[in-house]
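Contents: one structure, followed by commentary.
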Amino acid sequence: MGKVGAGGRSPARLGALLAGAGLLVLCAPGACGGAPRCPEPPSGPAPRWAPAPAPAPAPAAAPGAAPRRGPLPLPLPLPLLGRPLFAVAPGDRALPLARAPGSRAAAEVAPRSGRRRRREAAPGKAGGGGRAGRSPRGAPRDGARPEPGTPERDPDRATRFRMEELRLTSTTFALTGDSAHNQAMVHWSGHNSSVILILTKLYDYNLGSITESSLWRSTDYGTTYEKLNDKVGLKTILSYLYVCPTNKRKIMLLTDPEIESSLLISSDEGATYQKYRLNFYIQSLLFHPKQEDWILAYSQDQKLYSSAEFGRRWQLIQEGVVPNRFYWSIMGSNKEPDLVHLEARTVDGHSQYLTCRMQNCTEANRNKPFPGYIDPDSLIVQDDYVFVQLTSGGRPHYYVSYRRNAFAQMKLPKYALPKDMHVISTDENQVFAAVQEWNQNDTYNLYISDTRGVYFTLALENVQSSRGPEGNIMIDLYEVAGIKGMFLANKKIDNQVKTFITYNKGRDWRLLQAPDTDLRGDPVHCLLPYCSLHLHLKVSENPYTSGIIASRDTAPSIIVASGNIGSELSDSDISMFVSSDAGNTWRQIFEEEHSVLYLDQGGVLVAMKHTSLPIRHLWLSFDEGRSWSKYSFTSIPLFVDGVLGEPGEETLIMTVFGHFSHRSEWQLVKVDYKSIFDRRCAEEDYRPWQLHSQGEACIMGAKRIYKKRKSERKCMQGKYAGAMESEPCVCTEADFDCDYGYERHSNGQCLPAFWFNPSSLSKDCSLGQSYLNSTGYRKVVSNNCTDGVREQYTAKPQKCPGKAPRGLRIVTADGKLTAEQGHNVTLMVQLEEGDVQRTLIQVDFGDGIAVSYVNLSSMEDGIKHVYHNVGIFRVTVQVDNSLGSDSAVLYLHVTCPLEHVHLSLPFVTTKNKEVNATAVLWPSQVGTLTYVWWYGNNTEPLITLEGSISFKFTSEGMNTITVQVSAGNAILQDTKTIAVYEEFRSLRLSFSPNLDDYNPDIPEWRRDISRVIKKSLVEATGVPGQHILVAVLPGLPTAAELFVLPYQDPTGENKRSAEDLEQISELLIHKLNQNSVHFELKPGVQILVHTAHLTAAPLVDLTPTHSGSAMLMLLSVVFVGLAVFVIYKFKRRVALPSPPSPSTQPGDSSLRLQRARHATPPSTPKRGSAGAQFAI
């Protein structure tokens, strides 16, 4: 899990995905000067658990990729490699392959892996590398003669090569007219069918689209082909070919969405087609594992559709589905075969696990098997298991559901602390997983589970991993086909990578014994453990790496792989090796990399060399790689692009795809191997062979004897014979692995780990009940041994002991210490020890509500509670039984979302005067908050828990103040500017009443109107704009504050004096009284600006939020100020009568002068304005 397979779809995965469709994908290079890439797979979010799911039926597990049963993406051709690779029967695996380069500048065109490049560049070596003039040692290359004086080798010890050239029966067909096509997709129906379909395409790299396509069909095993463009439409451009995995006669073609979005459907193996238009663009398909007409389609806009008529009609299931995270139900685990499992995103970006019926997926009919949200791209449905991931507290937690029961948290060793996890296999009712722990970077540990997939124990440490070309993680682990419990793994030891093998699902591992002799028959001096055989465990489906390994269910003893002999795995000196006794002994078969194809159930091995040169020969072995014969399959050397073997039981026909030159048409060479056999095998042609591990015949608790054809008999096997008999073995200690919480020590005993308390397994039972008391061992899953030490090592039923409560904890279900007001919070009570059935639990939520429970079982799903107020609540839980008690406390922060922050402070202040700044919040009651203040030129913020601060400015000018409010995961901020001067004047402005009709009372409008008013004042008076600051105040009727500021130039000279400010003030008042200041709000709407009556109200902007107490205080100050003003004016008229000044009319407001450090005359109330928008 974690971020498993992050970085995109790997070639190995793509090869596995194409298996269900039975496709071989080829692509050709562009110009000789480079190797343009074929279209990239659609990008998407990174998967979590494992590589994106594969089509049903799923192929065998491949190293570095989990076996998957998910959607089939659009098959995509892969980049050019310039070497042949083999595809096999679609029922097994299919290969994405690349077209080999042409003869012209072939080496420059083909991008090669580093190790092959070093081989080709080595001086004194010919062709594709290796020793000049030779293929395997003792075997001349194509067209080369044996070196004179070559000593004769021991034929019993060396691999024998027959140099006489033999001829295979073959026919060649050219796809005439498609020489420009650079991509091809091939499907062989197989299973007693002679039909082969080929779709070729011309992909224009400049346009990024397909411009031409051709569809070819053969009904005689590839001897001849018919072009079907007229049957699908001469102007129709096809992009993809799909085949129903449960009925190979049903074919689906997808048109290029650049032209049209349509499907062409055939029910007669591609002979005829019906066209159906689509109203969406298909990105991937998922066929049902049983029902041949049921399909799920994923669109490019993340919608999931279903069809019960093989694509003829579609119905929308769900929107917002995560790519590659949808699955059909698994027969046996789900009663409803039409049940769909999917991961969908909510409108707020969360992911949830949903299930519904394919034809009835309404909101009311959807189920949520996992409570709450899950991590994005984490849903995996595989066999009897469902996996999800949930991250809390910065750590990923993994949950599993076995046979669709309730989810349980997966238990790894306590201090594994995983960063990443891959589900490797879920076969045989057991989970095999690769886990990258907290202290690992390029390695993974292998873990194996119990039947439910809950408890995991260590199988192998430090398995090598690597990143694919698209960033996906690839684990060096290979499951050998045909033999249950057999794996190969590359383990990193002291910076050296070594290959290990296990026959009992990771219970025991050992190094591979190197061959006794080399190709020449000379002895190989390689002593374990200092020297051994090491293999590259990349499957042949991956064309980006040179290492290959192959095994088949129908040939359980034969393994073919590339590797080297030495102290560690190397990328140089790669040879080919074969084992015909299931990995016990190995033989070297070639000194250079070859691709090997299994024919006739492994009775015939076909080898073709990796080379960028044209070839016409291949090698055949009829005795499991002991000897090889040279055969020609074509008279003209062919650049080989790929090979597809006939599906079915016999597999005796293969088709070689290639071209004679870089510009020639595709050449299809049909090779029929039936002619090399003169009869079918009879009973006397077989011998018994017993599976063993270094002489130990009991493998996974049973002795298995297989039928193998005698090496000297050259007959056709036909149907796979399988094992002759299987006999259970007596159980020994080797059949048991360590149980969860136990570790194997050097003496072979399983003892408890330092962090594990064995008695904790009894915590879920009550006095009088029974539980299974572990002995420290558990039988390897799928092991068939009987009797012996089974009784001794098997967990014993034991009466539950009476225990006092201990280790009580109370946590939230998501691991957080916060909850949202008005929403459910789920509390989980956890108890390490105690009689859970006879325990009284009391929970006090801290808000005046408490509940009681009689046992922990009734609280398995958690305790749900809703807090209606914000604050910090002390949640307590008390557990009591007859033997004791325990308690625990949780301090829960209940908050509501913070929606808006508004900073309130004056527009203008005097130097060295204390200024108050207040952060006004909406809603006002949010919960625990942190305030971060930035003001002036301070480089460090001031952090407070209160929403108000006071500070002073010691220099004149414009200053910015910012407050950031942190509430939970949300941080909001507001910024205001304040002008600081030693003295200034201010005047209240009013407007013609029609302005109120257009006042929405929002900050943005006030800011824009302030700028318009200032412009009007400057135009009417000629006063420089640097002296004027206008701030429109909130509320109605619309009012504003005009400030006259003592601006000075940047040199510090020409600063205005108080007398200058007085003159500017008189000029402004004069123009305002003459109605000279006005502006046009909109066409036909004139607004007049004039002076307003004096008011003592503080000019503070509390919008967009006004608390009740703040408004009451504001009104009180206004009324008190008005009263003081009226009394003062009355006294002045009685005691000090004087005529009005020339510049001021009776009743007009006069400008007030404010000076720092000087007392203000009692007749002049102090004025400031806070929070309104202004222009300066």
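Just so we're on the same page: first chain in the structure tokens is A, next is B, and so on; residues restart at 1 for each chain, and ligands are numbered from 1 in the order they show up.
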7 Å contact set for Tyr327 of chain A, only C-alpha atoms, chain neighbours under 6 positions out, as a PyMOL selection string:
chain A and resi 70+340-342+381
Coordinates-based distance that separates atom CA of Arg395 of chain A from atom CA of Arg507 of chain A (Å, one decimal):
29.0 Å
Report as JSON, numbers by chain all protein, DNA and RNA residues lying within 12 Å of Trp314 of chain A, evaluated on only C-alpha atoms, omitting residues in the same chain fewer than 3 positions from it.
{"A": [263, 276, 277, 278, 279, 280, 282, 293, 294, 295, 296, 297, 298, 299, 303, 304, 305, 306, 307, 308, 309, 310, 311, 317, 358, 359]}
Give me the residues near segment 612-620 of chain A as a ChimeraX atom specification, where near means some atom within 6 Å (using only C-alpha atoms) and where sequence neighbours in that chain fewer than 4 positions away do not count.
/A:82-83,605-608,628-634,637-639
Write out, as a CSV table (one decimal), in the first residue's frame, the residues just selected, with all heavy atoms.
chain,number,residue,atom,x,y,z
A,82,GLY,N,14.6,-3.2,-30.6
A,82,GLY,CA,15.6,-3.8,-31.5
A,82,GLY,C,16.0,-5.2,-31.1
A,82,GLY,O,17.2,-5.5,-31.3
A,83,ARG,N,15.2,-5.9,-30.4
A,83,ARG,CA,15.5,-7.3,-30.1
A,83,ARG,C,14.2,-8.1,-30.1
A,83,ARG,O,13.2,-7.6,-29.7
A,83,ARG,CB,16.3,-7.4,-28.8
A,83,ARG,CG,15.5,-7.0,-27.6
A,83,ARG,CD,16.3,-7.1,-26.3
A,83,ARG,NE,15.6,-6.6,-25.2
A,83,ARG,CZ,14.8,-7.4,-24.4
A,83,ARG,NH1,14.6,-8.6,-24.8
A,83,ARG,NH2,14.3,-6.9,-23.3
A,605,LEU,N,11.7,-26.7,-26.4
A,605,LEU,CA,12.1,-25.3,-26.0
A,605,LEU,C,12.6,-24.7,-27.3
A,605,LEU,O,13.5,-25.3,-28.0
A,605,LEU,CB,13.1,-25.3,-24.9
A,605,LEU,CG,12.7,-25.9,-23.6
A,605,LEU,CD1,13.9,-25.9,-22.6
A,605,LEU,CD2,11.5,-25.2,-23.0
A,606,VAL,N,12.1,-23.5,-27.6
A,606,VAL,CA,12.6,-22.8,-28.8
A,606,VAL,C,13.3,-21.5,-28.3
A,606,VAL,O,12.8,-20.8,-27.5
A,606,VAL,CB,11.4,-22.3,-29.7
A,606,VAL,CG1,11.9,-21.5,-30.9
A,606,VAL,CG2,10.5,-23.5,-30.1
A,607,ALA,N,14.5,-21.3,-28.8
A,607,ALA,CA,15.4,-20.2,-28.4
A,607,ALA,C,15.7,-19.4,-29.6
A,607,ALA,O,16.1,-19.9,-30.6
A,607,ALA,CB,16.7,-20.7,-27.7
A,608,MET,N,15.6,-18.0,-29.4
A,608,MET,CA,16.0,-17.1,-30.4
A,608,MET,C,16.8,-16.0,-29.8
A,608,MET,O,16.5,-15.5,-28.8
A,608,MET,CB,14.7,-16.5,-31.1
A,608,MET,CG,15.0,-15.7,-32.3
A,608,MET,SD,13.4,-15.1,-33.0
A,608,MET,CE,12.7,-16.6,-33.7
A,628,TRP,N,20.8,-29.0,-28.2
A,628,TRP,CA,20.0,-28.0,-29.1
A,628,TRP,C,20.4,-28.3,-30.6
A,628,TRP,O,21.5,-28.6,-30.9
A,628,TRP,CB,20.4,-26.6,-28.7
A,628,TRP,CG,20.0,-26.2,-27.3
A,628,TRP,CD1,20.7,-26.4,-26.2
A,628,TRP,CD2,18.8,-25.5,-27.0
A,628,TRP,NE1,20.1,-25.9,-25.1
A,628,TRP,CE2,18.9,-25.3,-25.6
A,628,TRP,CE3,17.7,-25.0,-27.7
A,628,TRP,CZ2,17.9,-24.7,-24.8
A,628,TRP,CZ3,16.7,-24.4,-26.9
A,628,TRP,CH2,16.8,-24.2,-25.6
A,629,SER,N,19.3,-28.1,-31.4
A,629,SER,CA,19.5,-28.3,-32.8
A,629,SER,C,19.1,-27.0,-33.5
A,629,SER,O,18.2,-26.3,-33.1
A,629,SER,CB,18.5,-29.4,-33.3
A,629,SER,OG,18.9,-30.7,-32.7
A,630,LYS,N,19.8,-26.7,-34.6
A,630,LYS,CA,19.7,-25.5,-35.3
A,630,LYS,C,18.7,-25.7,-36.5
A,630,LYS,O,18.8,-26.6,-37.3
A,630,LYS,CB,21.0,-25.1,-35.9
A,630,LYS,CG,21.1,-23.7,-36.6
A,630,LYS,CD,22.5,-23.4,-37.0
A,630,LYS,CE,22.6,-22.0,-37.7
A,630,LYS,NZ,23.9,-21.7,-38.1
A,631,TYR,N,17.7,-24.8,-36.5
A,631,TYR,CA,16.7,-24.8,-37.6
A,631,TYR,C,16.5,-23.5,-38.2
A,631,TYR,O,16.6,-22.4,-37.5
A,631,TYR,CB,15.3,-25.2,-37.0
A,631,TYR,CG,15.2,-26.7,-36.6
A,631,TYR,CD1,15.7,-27.2,-35.4
A,631,TYR,CD2,14.5,-27.6,-37.4
A,631,TYR,CE1,15.6,-28.5,-35.1
A,631,TYR,CE2,14.3,-28.9,-37.1
A,631,TYR,CZ,14.9,-29.4,-35.9
A,631,TYR,OH,14.7,-30.7,-35.6
A,632,SER,N,16.3,-23.5,-39.5
A,632,SER,CA,15.9,-22.2,-40.2
A,632,SER,C,14.4,-22.1,-40.3
A,632,SER,O,13.8,-23.1,-40.6
A,632,SER,CB,16.6,-22.2,-41.6
A,632,SER,OG,16.1,-23.2,-42.4
A,633,PHE,N,13.9,-21.0,-40.1
A,633,PHE,CA,12.4,-20.8,-40.2
A,633,PHE,C,12.1,-19.9,-41.4
A,633,PHE,O,10.9,-19.7,-41.6
A,633,PHE,CB,11.9,-20.2,-38.9
A,633,PHE,CG,12.4,-18.8,-38.5
A,633,PHE,CD1,11.7,-17.7,-38.9
A,633,PHE,CD2,13.6,-18.6,-37.8
A,633,PHE,CE1,12.1,-16.4,-38.6
A,633,PHE,CE2,14.0,-17.4,-37.5
A,633,PHE,CZ,13.3,-16.3,-37.9
A,634,THR,N,13.1,-19.3,-42.0
A,634,THR,CA,12.8,-18.4,-43.2
A,634,THR,C,14.0,-18.5,-44.1
A,634,THR,O,15.1,-18.6,-43.6
A,634,THR,CB,12.4,-17.0,-42.8
A,634,THR,OG1,12.2,-16.2,-44.0
A,634,THR,CG2,13.5,-16.4,-42.0
A,637,PRO,N,16.8,-13.6,-44.2
A,637,PRO,CA,16.9,-13.1,-42.9
A,637,PRO,C,15.9,-12.0,-42.5
A,637,PRO,O,15.5,-11.2,-43.4
A,637,PRO,CB,18.3,-12.5,-42.8
A,637,PRO,CG,19.1,-13.2,-43.9
A,637,PRO,CD,18.1,-13.5,-45.0
A,638,LEU,N,15.4,-12.1,-41.3
A,638,LEU,CA,14.2,-11.3,-40.9
A,638,LEU,C,14.6,-10.5,-39.7
A,638,LEU,O,15.1,-11.0,-38.7
A,638,LEU,CB,13.0,-12.2,-40.6
A,638,LEU,CG,11.7,-11.5,-40.3
A,638,LEU,CD1,11.1,-10.9,-41.5
A,638,LEU,CD2,10.7,-12.5,-39.7
A,639,PHE,N,14.3,-9.2,-39.7
A,639,PHE,CA,14.3,-8.4,-38.5
A,639,PHE,C,13.1,-8.8,-37.6
A,639,PHE,O,12.0,-8.5,-38.0
A,639,PHE,CB,14.3,-6.9,-38.7
A,639,PHE,CG,15.5,-6.4,-39.4
A,639,PHE,CD1,15.6,-6.2,-40.8
A,639,PHE,CD2,16.6,-6.0,-38.6
A,639,PHE,CE1,16.8,-5.7,-41.4
A,639,PHE,CE2,17.8,-5.5,-39.2
A,639,PHE,CZ,17.9,-5.4,-40.6
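Residue nearest Pro376 of chain A, chosen from A:Leu458, A:Val1012, A:Val322, A:Leu446 and counting only C-alpha atoms: A:Val322.
With distances restricted to only C-alpha atoms, A:Thr655 is the closest residue to Val669 of chain A from A:Thr962, A:Ser239, A:Gln821, A:Thr655.
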If we count only C-alpha atoms, what is near Gln440 of chain A at a cut-off of 10 Å, once residues fewer than 4 positions away on the same chain are taken out, given as a ChimeraX atom specification?
/A:418-420,435-436,444-445,462
Write out as JSON, numbers by chain which residues come within 12 Å of segment 236-238 of chain A when counting only C-alpha atoms, dropping same-chain ones fewer than 3 positions away.
{"A": [183, 184, 185, 198, 199, 200, 201, 202, 203, 209, 210, 211, 212, 213, 214, 215, 228, 229, 230, 231, 232, 233, 241, 242, 252, 253, 254, 255, 256, 257, 258, 259, 260, 261, 262, 263, 264, 275]}
Any chance you could export the current selection's C-alpha atoms as a CSV table (one decimal), in the first residue's frame?
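Ended up saving to again.csv:
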chain,number,residue,atom,x,y,z
A,183,GLN,CA,2.1,-0.1,-34.9
A,184,ALA,CA,0.3,-3.5,-34.8
A,185,MET,CA,-1.9,-5.5,-32.5
A,198,ILE,CA,-4.2,-8.2,-36.8
A,199,LEU,CA,-4.8,-4.5,-36.5
A,200,THR,CA,-2.1,-2.3,-38.0
A,201,LYS,CA,-2.0,1.5,-37.5
A,202,LEU,CA,0.0,4.5,-38.7
A,203,TYR,CA,0.6,6.7,-35.7
A,209,SER,CA,-2.9,10.7,-33.4
A,210,ILE,CA,-3.6,7.7,-35.6
A,211,THR,CA,-4.1,8.6,-39.3
A,212,GLU,CA,-4.5,5.2,-40.9
A,213,SER,CA,-5.5,1.6,-39.9
A,214,SER,CA,-6.0,-1.8,-41.4
A,215,LEU,CA,-7.7,-4.9,-40.1
A,228,LEU,CA,-11.3,-6.3,-43.8
A,229,ASN,CA,-11.3,-2.5,-44.2
A,230,ASP,CA,-14.3,-2.6,-46.4
A,231,LYS,CA,-16.3,-4.6,-43.7
A,232,VAL,CA,-15.6,-2.0,-40.9
A,233,GLY,CA,-15.8,1.0,-43.2
A,241,LEU,CA,-8.8,-4.3,-30.5
A,242,TYR,CA,-10.4,-6.2,-27.6
A,252,MET,CA,-14.7,-5.5,-30.0
A,253,LEU,CA,-13.0,-2.8,-32.0
A,254,LEU,CA,-12.7,0.8,-30.9
A,255,THR,CA,-12.6,3.7,-33.3
A,256,ASP,CA,-10.2,6.6,-33.0
A,257,PRO,CA,-12.0,9.2,-30.7
A,258,GLU,CA,-10.3,12.0,-32.7
A,259,ILE,CA,-12.7,11.0,-35.6
A,260,GLU,CA,-15.6,9.4,-33.9
A,261,SER,CA,-16.5,7.5,-30.7
A,262,SER,CA,-17.9,4.1,-31.8
A,263,LEU,CA,-17.6,0.4,-31.2
A,264,LEU,CA,-17.6,-2.4,-33.8
A,275,LYS,CA,-21.3,-0.5,-35.5
Excluding same-chain residues fewer than 6 positions from Val932 of chain A, what lies within 7 Å of it counting only C-alpha atoms, as a list in words?
Pro941, Leu942, Ile943, Thr944, Val963, Gln964 and Val965 of chain A
From the DSSP assignment of the backbone, select every residue of segment 669-855 of chain A that is strand (DSSP E), and format the answer as an MDAnalysis selection string.
chainID A and resid 669:672 686:690 702:709 723:728 736:738 742:744 750:752 770:773 777:779 796:799 806:812 818:820 824:833 840:844 850:853
Quick check for you: according to DSSP on this backbone, which residues of segment 144-265 of chain A are classed as helix (DSSP H, G or I)? Reply as a PDB file with all heavy atoms, in the first residue's frame.
ATOM      1  N   ASN A 229     -10.915  -3.930 -44.275  1.00  0.00           N
ATOM      2  CA  ASN A 229     -11.253  -2.514 -44.171  1.00  0.00           C
ATOM      3  C   ASN A 229     -12.622  -2.202 -44.735  1.00  0.00           C
ATOM      4  O   ASN A 229     -13.342  -1.327 -44.235  1.00  0.00           O
ATOM      5  CB  ASN A 229     -10.193  -1.668 -44.880  1.00  0.00           C
ATOM      6  CG  ASN A 229      -8.916  -1.589 -44.075  1.00  0.00           C
ATOM      7  OD1 ASN A 229      -8.662  -2.441 -43.237  1.00  0.00           O
ATOM      8  ND2 ASN A 229      -8.104  -0.572 -44.322  1.00  0.00           N
ATOM      9  N   ASP A 230     -13.016  -2.920 -45.792  1.00  0.00           N
ATOM     10  CA  ASP A 230     -14.325  -2.636 -46.384  1.00  0.00           C
ATOM     11  C   ASP A 230     -15.455  -3.096 -45.469  1.00  0.00           C
ATOM     12  O   ASP A 230     -16.562  -2.551 -45.518  1.00  0.00           O
ATOM     13  CB  ASP A 230     -14.435  -3.323 -47.746  1.00  0.00           C
ATOM     14  CG  ASP A 230     -14.190  -4.816 -47.656  1.00  0.00           C
ATOM     15  OD1 ASP A 230     -13.525  -5.248 -46.691  1.00  0.00           O
ATOM     16  OD2 ASP A 230     -14.652  -5.557 -48.549  1.00  0.00           O
ATOM     17  N   LYS A 231     -15.198  -4.071 -44.600  1.00  0.00           N
ATOM     18  CA  LYS A 231     -16.254  -4.557 -43.711  1.00  0.00           C
ATOM     19  C   LYS A 231     -16.454  -3.667 -42.480  1.00  0.00           C
ATOM     20  O   LYS A 231     -17.529  -3.660 -41.886  1.00  0.00           O
ATOM     21  CB  LYS A 231     -15.948  -5.987 -43.266  1.00  0.00           C
ATOM     22  CG  LYS A 231     -15.994  -6.991 -44.412  1.00  0.00           C
ATOM     23  CD  LYS A 231     -15.860  -8.415 -43.905  1.00  0.00           C
ATOM     24  CE  LYS A 231     -15.972  -9.403 -45.069  1.00  0.00           C
ATOM     25  NZ  LYS A 231     -15.861 -10.823 -44.595  1.00  0.00           N
ATOM     26  N   VAL A 232     -15.424  -2.949 -42.088  1.00  0.00           N
ATOM     27  CA  VAL A 232     -15.559  -2.045 -40.947  1.00  0.00           C
ATOM     28  C   VAL A 232     -15.768  -0.604 -41.385  1.00  0.00           C
ATOM     29  O   VAL A 232     -16.055   0.260 -40.550  1.00  0.00           O
ATOM     30  CB  VAL A 232     -14.320  -2.137 -40.026  1.00  0.00           C
ATOM     31  CG1 VAL A 232     -14.159  -3.534 -39.474  1.00  0.00           C
ATOM     32  CG2 VAL A 232     -13.065  -1.703 -40.763  1.00  0.00           C
TER      33      VAL A 232
END
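Nearest to Tyr771 of chain A of all the residues A:Ile558, A:Cys526, A:Val811, A:Cys800 is A:Cys800, counting only C-alpha atoms.
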